[in-house]
>>> print(open('target.txt').read())   # compact mmCIF, C-alpha atoms and all ligand atoms
# COMPACT_ATOMS: atom_id res chain seq x y z
CA MET A 928 -49.11 -52.68 38.18
CA THR A 929 -47.20 -55.39 39.94
CA GLN A 930 -47.03 -58.98 38.76
CA ARG A 931 -49.98 -61.14 39.80
CA ALA A 932 -49.75 -62.76 43.21
CA GLU A 933 -51.90 -65.75 44.14
CA ILE A 934 -54.55 -63.39 45.54
CA ASN A 935 -54.75 -59.72 44.46
CA LEU A 936 -56.65 -57.09 46.48
CA LEU A 937 -57.65 -53.58 45.42
CA MET A 938 -58.84 -51.10 48.08
CA VAL A 939 -61.20 -48.52 46.54
CA CYS A 940 -62.57 -45.17 47.72
CA LEU A 941 -63.52 -41.94 45.94
CA GLY A 942 -60.29 -39.92 45.79
CA ASN A 943 -57.62 -42.54 46.65
CA ILE A 944 -56.04 -40.03 49.05
CA CYS A 945 -57.70 -40.84 52.43
CA ARG A 946 -59.52 -44.14 53.02
CA SER A 947 -58.15 -46.53 50.38
CA PRO A 948 -54.45 -45.64 50.84
CA THR A 949 -55.00 -46.16 54.57
CA ALA A 950 -56.55 -49.58 53.91
CA HIS A 951 -53.72 -50.36 51.45
CA ALA A 952 -51.00 -49.65 54.03
CA VAL A 953 -52.81 -51.35 56.94
CA MET A 954 -53.44 -54.51 54.90
CA GLN A 955 -49.84 -54.56 53.61
CA HIS A 956 -48.63 -54.29 57.22
CA LYS A 957 -50.84 -57.22 58.29
CA LEU A 958 -49.81 -59.35 55.28
CA ASN A 959 -46.14 -58.71 56.06
CA ALA A 960 -46.66 -59.70 59.70
CA ALA A 961 -48.51 -62.87 58.65
CA GLY A 962 -45.74 -63.89 56.22
CA LEU A 963 -48.13 -63.56 53.26
CA ALA A 964 -46.55 -60.64 51.40
CA ALA A 965 -45.45 -62.87 48.50
CA THR A 966 -48.81 -64.66 48.28
CA VAL A 967 -51.29 -61.80 48.62
CA ALA A 968 -50.72 -58.42 46.91
CA VAL A 969 -52.57 -55.21 47.74
CA ASP A 970 -53.04 -51.97 45.80
CA SER A 971 -55.50 -49.06 45.98
CA ALA A 972 -57.39 -46.76 43.59
CA GLY A 973 -60.16 -44.15 43.51
CA THR A 974 -63.35 -44.10 41.48
CA ALA A 975 -62.88 -40.35 40.82
CA ALA A 976 -60.08 -38.68 38.84
CA TYR A 977 -59.66 -35.55 41.03
CA HIS A 978 -56.39 -36.50 42.71
CA ILE A 979 -54.55 -38.70 40.18
CA GLY A 980 -50.79 -38.69 40.86
CA LYS A 981 -51.15 -37.04 44.29
CA ALA A 982 -49.75 -38.31 47.59
CA PRO A 983 -52.26 -39.20 50.33
CA ASP A 984 -53.88 -36.39 52.33
CA PRO A 985 -51.40 -35.16 55.01
CA ARG A 986 -54.06 -35.82 57.68
CA SER A 987 -54.21 -39.49 56.62
CA ILE A 988 -50.42 -39.75 56.48
CA GLU A 989 -50.10 -38.33 60.02
CA ALA A 990 -52.90 -40.37 61.62
CA ALA A 991 -51.54 -43.58 60.06
CA ALA A 992 -47.95 -42.76 61.09
CA ARG A 993 -49.08 -42.48 64.74
CA ARG A 994 -50.10 -46.17 64.48
CA GLY A 995 -46.96 -47.27 62.63
CA TYR A 996 -48.18 -47.27 59.00
CA ASP A 997 -46.29 -45.42 56.25
CA LEU A 998 -48.45 -43.94 53.46
CA ARG A 999 -45.88 -41.49 52.11
CA GLU A 1000 -44.85 -43.37 48.95
CA LEU A 1001 -48.40 -44.06 47.73
CA ARG A 1002 -49.79 -42.10 44.73
CA ALA A 1003 -53.42 -41.83 43.69
CA ARG A 1004 -54.74 -43.50 40.57
CA GLN A 1005 -58.20 -44.06 39.15
CA VAL A 1006 -59.76 -47.51 39.01
CA SER A 1007 -60.42 -48.84 35.48
CA SER A 1008 -62.30 -51.73 33.92
CA SER A 1009 -58.96 -53.49 33.29
CA ASP A 1010 -58.56 -53.78 37.09
CA PHE A 1011 -61.21 -56.50 37.00
CA ARG A 1012 -58.80 -58.70 35.02
CA HIS A 1013 -56.02 -58.31 37.60
CA PHE A 1014 -57.71 -58.13 41.01
CA ASP A 1015 -59.63 -60.94 42.72
CA TYR A 1016 -61.18 -58.70 45.39
CA LEU A 1017 -62.16 -55.05 44.81
CA LEU A 1018 -63.01 -53.73 48.29
CA ALA A 1019 -65.13 -50.57 48.36
CA MET A 1020 -65.16 -48.20 51.33
CA ASP A 1021 -68.82 -47.21 50.93
CA HIS A 1022 -72.01 -48.01 49.03
CA SER A 1023 -71.45 -45.22 46.52
CA ASN A 1024 -68.07 -46.60 45.47
CA HIS A 1025 -69.45 -50.15 45.61
CA GLY A 1026 -72.13 -49.07 43.12
CA ASN A 1027 -69.54 -47.38 40.90
CA LEU A 1028 -67.48 -50.57 40.85
CA LEU A 1029 -70.50 -52.72 39.97
CA ARG A 1030 -71.24 -50.40 37.02
CA LEU A 1031 -67.62 -50.63 35.85
CA SER A 1032 -67.30 -54.39 36.33
CA GLY A 1033 -69.82 -55.62 33.77
CA PRO A 1034 -71.73 -58.84 34.46
CA ASP A 1035 -68.64 -61.04 34.82
CA GLY A 1036 -66.94 -58.97 37.53
CA GLN A 1037 -69.78 -58.53 40.04
CA SER A 1038 -68.65 -61.32 42.37
CA GLN A 1039 -65.22 -59.64 42.75
CA VAL A 1040 -66.79 -56.50 44.29
CA HIS A 1041 -67.24 -56.30 48.09
CA LEU A 1042 -67.70 -53.74 50.83
CA LEU A 1043 -64.53 -53.72 52.96
CA LEU A 1044 -66.63 -53.65 56.14
CA ASP A 1045 -68.31 -56.92 55.14
CA PHE A 1046 -65.13 -58.35 56.71
CA ALA A 1047 -65.67 -56.41 59.98
CA ALA A 1048 -68.69 -58.21 61.36
CA ASP A 1049 -68.52 -56.46 64.75
CA ALA A 1050 -67.94 -52.91 63.50
CA GLY A 1051 -71.64 -51.98 63.51
CA LEU A 1052 -71.19 -50.03 60.26
CA ARG A 1053 -71.23 -51.10 56.61
CA GLU A 1054 -69.37 -48.03 55.30
CA VAL A 1055 -66.07 -46.31 56.16
CA PRO A 1056 -67.23 -42.66 56.46
CA ASP A 1057 -65.49 -40.15 54.17
CA PRO A 1058 -63.19 -38.09 56.45
CA TYR A 1059 -62.19 -35.49 53.83
CA TYR A 1060 -64.41 -32.59 54.92
CA GLY A 1061 -64.32 -33.37 58.65
CA GLY A 1062 -61.91 -33.17 61.57
CA GLU A 1063 -59.11 -35.30 62.94
CA GLN A 1064 -61.51 -37.72 64.67
CA GLY A 1065 -62.74 -38.88 61.25
CA PHE A 1066 -59.25 -40.04 60.32
CA GLU A 1067 -58.98 -42.00 63.59
CA GLN A 1068 -62.35 -43.64 62.85
CA VAL A 1069 -61.10 -44.63 59.38
CA LEU A 1070 -58.12 -46.36 60.99
CA ASP A 1071 -60.28 -48.08 63.64
CA LEU A 1072 -62.67 -49.49 61.02
CA VAL A 1073 -59.98 -50.38 58.50
CA GLU A 1074 -57.88 -52.22 61.11
CA GLN A 1075 -60.89 -54.32 62.15
CA ALA A 1076 -61.82 -55.12 58.55
CA CYS A 1077 -58.24 -56.00 57.57
CA ASP A 1078 -58.07 -58.46 60.47
CA GLY A 1079 -61.29 -60.08 59.21
CA LEU A 1080 -60.11 -60.05 55.61
CA LEU A 1081 -56.78 -61.61 56.58
CA ALA A 1082 -58.56 -64.44 58.45
CA HIS A 1083 -60.83 -64.99 55.43
CA LEU A 1084 -57.83 -65.17 53.05
CA GLN A 1085 -55.91 -67.50 55.35
CA ALA A 1086 -58.89 -69.89 55.38
CA ASP A 1087 -59.20 -69.59 51.59
CA LEU A 1088 -55.49 -70.36 51.09
CA GLN A 1089 -55.70 -73.31 53.49
CA GLN A 1090 -58.48 -74.83 51.37
CA ARG A 1091 -56.43 -74.44 48.18
CA ARG A 1092 -53.36 -76.22 49.54
P1 LIG B 1 -61.20 -40.59 49.95
O1 LIG B 1 -61.60 -39.12 50.46
O2 LIG B 1 -62.28 -41.01 48.97
O3 LIG B 1 -61.23 -41.38 51.19
O4 LIG B 1 -59.83 -40.47 49.30
C1 LIG B 1 -61.89 -38.06 49.59
C2 LIG B 1 -60.87 -37.35 49.02
C3 LIG B 1 -61.15 -36.27 48.20
C4 LIG B 1 -62.46 -35.91 47.98
C5 LIG B 1 -63.49 -36.63 48.56
C6 LIG B 1 -63.21 -37.71 49.37
N1 LIG B 1 -62.76 -34.78 47.18
O5 LIG B 1 -63.94 -34.42 47.05
O6 LIG B 1 -61.83 -34.17 46.60
>>> encode(input="target.txt", output="structure tokens", more="lines below")
Ligand code: 4NP
Amino acid sequence: MTQRAEINLLMVCLGNICRSPTAHAVMQHKLNAAGLAATVAVDSAGTAAYHIGKAPDPRSIEAAARRGYDLRELRARQVSSSDFRHFDYLLAMDHSNHGNLLRLSGPDGQSQVHLLLDFAADAGLREVPDPYYGGEQGFEQVLDLVEQACDGLLAHLQADLQQRR
């Protein structure tokens, strides 16, 4: 795990091979563009252990690459209770993973757990649908939703940082 930045974000899905690596790369891209890469750090993890050590799903890598995001170096890992000591925001892709995080967090970590789409007020959805068993369109939808939410999250963090200064 990298050294603590001022704000530390963890994107969380089930397998850490489709949705959360996509959110990881999209948010990193937006932080870089905003000049916040040294202030806000982002990582990703899965609540399940199925794919530990694996690269992202080739369908996610390809869909993201078409929009200019590079997922190829990312490797899956499983979220653990120690992540609640490092990360300020644990951002779940769906209610199931949100529930898993709340169970793992214990009473002190509950306020760190969010749904990523809580930061996409206009998306009309609360969950990023799991694309794993579906077709290519599902991977495009993941990108559409994640891009909207990362814009909202970035604006939220910029306001938060402004208040701290
Ligand atoms: P993710 O997608 O949670 O977005 O990484 C999935 C990846 C793998 C499986 C399910 C969802 N799986 O059942 O192996």
>>> residues_near_ligand(input="target.txt", ligand="ligand LIG 1 (chain B)", cutoff="8 Å", atoms="all atoms listed in the file", output="list in words")
Val939, Cys940, Leu941, Gly942, Asn943, Ile944, Cys945, Arg946, Ser947, Pro948, Gly973, Tyr977, His978, Pro983, Asp984, Met1020, Asp1057, Pro1058, Tyr1059 and Tyr1060 of chain A
>>> atom_distance(input="target.txt", atom1="atom CA of Leu936 of chain A", atom2="atom CA of Lys957 of chain A")
13.2 Å
>>> atom_distance(input="target.txt", atom1="atom CA of Ser971 of chain A", atom2="atom CA of Gln1089 of chain A")
25.4 Å
>>> residues_around(input="target.txt", residues="Ser1038 of chain A", least_positions_apart="2", cutoff="10 Å", atoms="all atoms listed in the file", output="list in words")
Asp1015, Tyr1016, Leu1017, Leu1029, Ser1032, Pro1034, Asp1035, Gly1036, Val1040 and His1041 of chain A
>>> residues_around(input="target.txt", residues="Ile934 of chain A", least_positions_apart="4", cutoff="7 Å", atoms="all atoms listed in the file", output="ChimeraX atom specification")
/A:966-968,1015
>>> atom_distance(input="target.txt", atom1="atom CA of Phe1046 of chain A", atom2="atom CA of Val1006 of chain A")
21.4 Å
>>> closest_residue(input="target.txt", among="A:Ala960, A:Ala976, A:Val969, A:Ala1050", to="Phe1014 of chain A", atoms="all atoms listed in the file")
A:Val969
